[in-house]
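All remarks here apply to the structure that follows.
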Amino acid sequence: MAELGAIVQKVRSKNAGPFWLTVDIFCGSAEVFARVVSALDTARVAALYGVSGADIRRFDIADLSVVKFSFPRPTVQGTAADRDMHGAAWAVLLEEMEIA
Amino acid sequence: MVRVLIPTGALGLAYDRAALARGVANRPDIIAVDGGSTDSGPSYLGRGVSKYSRSTTRAEWRDLMLARAEAGVPLVIGTAGTCGADSAVDWLYEITCELAAELGQKLRVARLYSGQSPDAVADAMAAGRVKPLSGAPGADAETLRSCANIVALAGAEQIRAAIDTGADIVIAGRTTDTAIIAALPIARNCDAGGAWHGAKVGECGALATTNPASGVIQIDFDETGFTLEPLGGIARATPYTVSAHMLYENTDPFILYEPGGHLDVTGSRYVALDDRRVRVEGSVWVPGPYTVKLEGARIAGYQAVSLTLLRDRRYVENARTWAEDIAARCRKVAVERTGLTEADFTIEMRLVGQDATLGPLETGRTVPTEVGVLAIVTAPTEPQAVEIAKILNPYLLHHALTEEEPMPTFAFPFSPAEMSRGAIYEFCLHHVMTLDNPMSAFRLEVSEVGHG
């Protein structure tokens, strides 16, 4: 087991408009990409962000060694309940997640 | 071939001036710069104002006006003043008029307005021409009429119409990030797939290179694709930096919807021409119905906030209990004293240092040295929000965890302790509107300004 952030190059999260969030995992190599693709369960990611698995769009992009998740923002950007205007800190949850 | 010079990802973000000079010397056909996005939140659209300072915007715009005069080509800005509301277009137009006089430039300036009347959008909605996108909140005619500002995102057609007026400068309200870059290449029959793809890669300036802070890039568009060249001293574009940019702020890294169709980069080929420049071909434009995206923001209450600092170890360890106890007591008192019901207002206590960023999703578990208690009151009016924040004040200063201990006092960094944030806004549209004529929802005004 290892923290995802310790084995990949970078995890980045950002708004994709006010209603969606997108998280990019830059694996840095084909080997790490293969490990992340097989170890990272979409249902676990959904639970981490408190969203329904059916709402998560996942892209495993071998050419870039990137795994990308997009989902409707659990709190719409800028509403009273929102804590992170740019969606910047959500990446940390994935960075700190233990994977096989 | 059409050469587009892109000075920066957004006016106000700064850029490398030597790189801009190199770009001008390379004889571009147009200079295109983005002026905003929704990314900083709904307040800017709600109030119709820029997030960047007037003096910074003026200083950077002055440089671009000088670059334009030297290059002798049009200068186009999209989403002027962060939000692209009509008032933000007027704000930049006023700055432009001041600078034209100061610099002795005689200019034709086209203003493209993207503001929408709520009634017109409500009519379109009633006619079935407004549709929600995935993840959109519910919206009806009443929602539309509650908006402080509604804008539609202009595409390449409206930007082209503005350029075709012979304007030296185009100040556009809300546009897609890409339209200002794609418009001229498309008008001159460059490959449409390449035009939109290059525009998406270039919309953040040098972000698609190894040195994002350098800002300046140029893109050459032609019949089969585009070539991107960064102009900052050490910046390099690689097939990786260019192809990876489709990930950025994009739900789907292969598809990008624009007015009148979508871009598909599934089959795009990225080739390094040398260690700085990248060539891209094989991007496909798929024509579709002519729709424009709508954005709207409305007032969602008024806020007052305060910050209290807990440094005493026992209070730091029990910060959540302490803060929720205060909030519960104050909700009761506020109902008694303001006439509001509990459903009318909220008191939220965010513990900075513990879980203020992620809230219930937080997975980290360490006890910090100190905790900042950010108390956020949201109420129907500004006086009510401030009143409730003041009701919180004595508790935040002196509330004890137990009844059997001396009265504690906590650190307030400010006087007054509470800060009114005024109105807070919310985005309430994530919809598209179908247009028969791309210009039917937009207005163009052309003026001659300054003196030569």
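Residues in the structure tokens are numbered from 1 in each chain, the chains being A, B, ... in the order shown, and ligands are numbered from 1 in the order shown.
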
Fewer than 4 positions away in the same chain doesn't count, so skip those; otherwise give me all residues within 9 Å of Thr241 in chain B, counting only C-alpha atoms, as a PDB file with C-alpha atoms, in the first residue's frame.
ATOM      1  CA  LEU B 207      -0.133  27.308 -19.394  1.00  0.00           C
ATOM      2  CA  ALA B 208       0.250  24.653 -22.107  1.00  0.00           C
ATOM      3  CA  THR B 209       4.054  25.057 -22.000  1.00  0.00           C
ATOM      4  CA  THR B 210       6.842  24.245 -19.550  1.00  0.00           C
ATOM      5  CA  ARG B 236       8.971  25.103 -24.344  1.00  0.00           C
ATOM      6  CA  ALA B 237       5.916  23.408 -25.790  1.00  0.00           C
ATOM      7  CA  HIS B 245      -3.992  20.978 -21.805  1.00  0.00           C
TER       8      HIS B 245
END

Neighbours of chain B in chain A at 10 Å, counting only C-alpha atoms, as a ChimeraX atom specification: /A:12-24,26,47-50,55,57-59,61,63-66,68-73,76-90,92-93,96-97

Mind checking which residues fall within 6 Å of range 91-104 of chain B, counting only C-alpha atoms, ignoring those fewer than 2 positions away in the same chain, and posting them as a CSV table (one decimal) with N, CA, C and O atoms, in the first residue's frame?
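Result file is selection04.csv:
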chain,number,residue,atom,x,y,z
B,88,ALA,N,-19.3,45.5,-17.3
B,88,ALA,CA,-17.8,45.2,-17.4
B,88,ALA,C,-17.3,45.6,-18.7
B,88,ALA,O,-16.1,46.1,-18.8
B,89,VAL,N,-18.0,45.5,-19.8
B,89,VAL,CA,-17.6,45.9,-21.1
B,89,VAL,C,-17.5,47.4,-21.1
B,89,VAL,O,-16.5,48.0,-21.6
B,450,GLY,N,-10.6,58.6,-29.2
B,450,GLY,CA,-9.2,59.2,-29.2
B,450,GLY,C,-9.0,60.1,-30.3
B,450,GLY,O,-9.9,60.5,-31.0
B,451,HIS,N,-7.7,60.5,-30.4
B,451,HIS,CA,-7.4,61.4,-31.5
B,451,HIS,C,-5.9,61.1,-31.9
B,451,HIS,O,-5.1,60.9,-31.0
B,452,GLY,N,-5.6,61.2,-33.2
B,452,GLY,CA,-4.2,60.8,-33.6
B,452,GLY,C,-3.4,62.1,-33.8
B,452,GLY,O,-3.9,63.2,-33.7

Rounded to one decimal, what separation in Å do you get between CA of Leu13 in chain B and CA of Asp275 in chain B? 26.3 Å

Run DSSP on the backbone of this structure and report the residues of chain A it assigns to helix (DSSP H, G or I), as a PyMOL selection string. chain A and resi 4-7+30-39+42-49+53-55+62-64+91-95
